[in-house]
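What follows is a single structure, written as structure tokens, with notes after it.
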Amino acid sequence: MIERLKVWARSIKRDVHALYLASRDRRVPWYAKALGAAVAAYALSPIDLIPDFIPVLGYLDDLIIVPAGIFLVVRLIPPEIMAQHRAAAAAASARPVSRKAAAVIIAIWLACMLLGGWLVYRWFALDGTHNLR
């Protein structure tokens, strides 16, 4: 049963990416594009209609809203176009992850944090009037 849930979760992830790709395709009707973009944005957004810290309901909205939205949008997109975007999404997830790019992004974040810390230090160290008391 756990393996079936993993396969289902992977198919949801693939379909969210496929909906994002389909929402940028000229062959897809505008209403399917709009709804597909909204479903993909909701699925990828850290902001939920019901926050996840609320017991049971917090995760229940993700288990109902996202799959229902995907189901609806997939039915609005022509099957051959959706099949192309599903294949493209599956190929994108199969690509290797670039560790060099991840290292560069982490280095940029660290540099920004160090710069921010240095600026805060200079702000409070050079001018004695900025006490927090």
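FYI, nothing fancy with the structure tokens labels: chains A, B, ... in order, residues from 1 per chain, ligands from 1 as they appear.
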Skip A:Leu44 itself and residues of its chain fewer than 6 positions away, then list as a CSV table (one decimal) with N, CA and C atoms, in the first residue's frame all residues within 10 Å of it, counting only C-alpha atoms.
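Full text of selection-v3.csv as output:
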```csv
chain,number,residue,atom,x,y,z
A,13,LYS,N,2.9,14.9,-8.6
A,13,LYS,CA,4.0,15.8,-8.8
A,13,LYS,C,4.3,16.0,-10.3
A,16,VAL,N,1.4,18.1,-11.8
A,16,VAL,CA,1.5,19.5,-11.5
A,16,VAL,C,2.4,20.2,-12.4
A,17,HIS,N,3.6,19.5,-12.6
A,17,HIS,CA,4.6,20.1,-13.6
A,17,HIS,C,4.0,20.1,-15.0
A,38,ALA,N,-3.6,28.1,-12.0
A,38,ALA,CA,-4.0,28.2,-10.6
A,38,ALA,C,-3.8,27.0,-9.8
A,66,VAL,N,-5.9,19.6,-4.5
A,66,VAL,CA,-5.0,19.5,-5.5
A,66,VAL,C,-5.3,18.3,-6.5
```
Between A:Met113, A:Leu49, A:Leu60, A:Ala94, which is the closest to A:Arg14 once you count only C-alpha atoms?
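Closest to A:Arg14, using only C-alpha atoms: A:Ala94.
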Taking only C-alpha atoms into account, which of A:Tyr20, A:Phe53, A:Tyr42, A:Trp30 comes nearest A:Ile65?
A:Tyr42
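Nearest residue to A:Ala43 among A:Leu57, A:Val7, A:Ile70, A:Leu115 is A:Ile70, counting only C-alpha atoms.
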Please identify all polymer residues within 8 Å of A:Ile77, counting only C-alpha atoms, omitting same-chain residues fewer than 5 positions from it, and present them as an mmCIF file with C-alpha atoms, in the first residue's frame.
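Final output, result_13.cif:
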```
data_model
loop_
_atom_site.group_PDB
_atom_site.id
_atom_site.type_symbol
_atom_site.label_atom_id
_atom_site.label_comp_id
_atom_site.auth_asym_id
_atom_site.auth_seq_id
_atom_site.Cartn_x
_atom_site.Cartn_y
_atom_site.Cartn_z
ATOM 1 C CA VAL A 28 -4.530 24.763 -24.806
ATOM 2 C CA PRO A 29 -7.776 26.742 -24.374
ATOM 3 C CA ALA A 32 -7.753 25.424 -19.148
ATOM 4 C CA MET A 82 -1.566 16.450 -22.010
#
```
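Here atom CA of A:Ile81 stands at a distance of 21.9 Å from atom CA of A:Ala9.
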Two-atom distance - atom CA of A:Leu76, atom CA of A:Leu35 (Å)
9.4 Å
Mind listing the alpha helix (DSSP H) residues of chain A, per DSSP on the backbone, as a VMD selection string?
chain A and resid 2 to 22 30 to 44 57 to 76 79 to 94 99 to 126
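In this structure, atom CA of A:Ile12 sits 12.7 Å away from atom CA of A:Val73.
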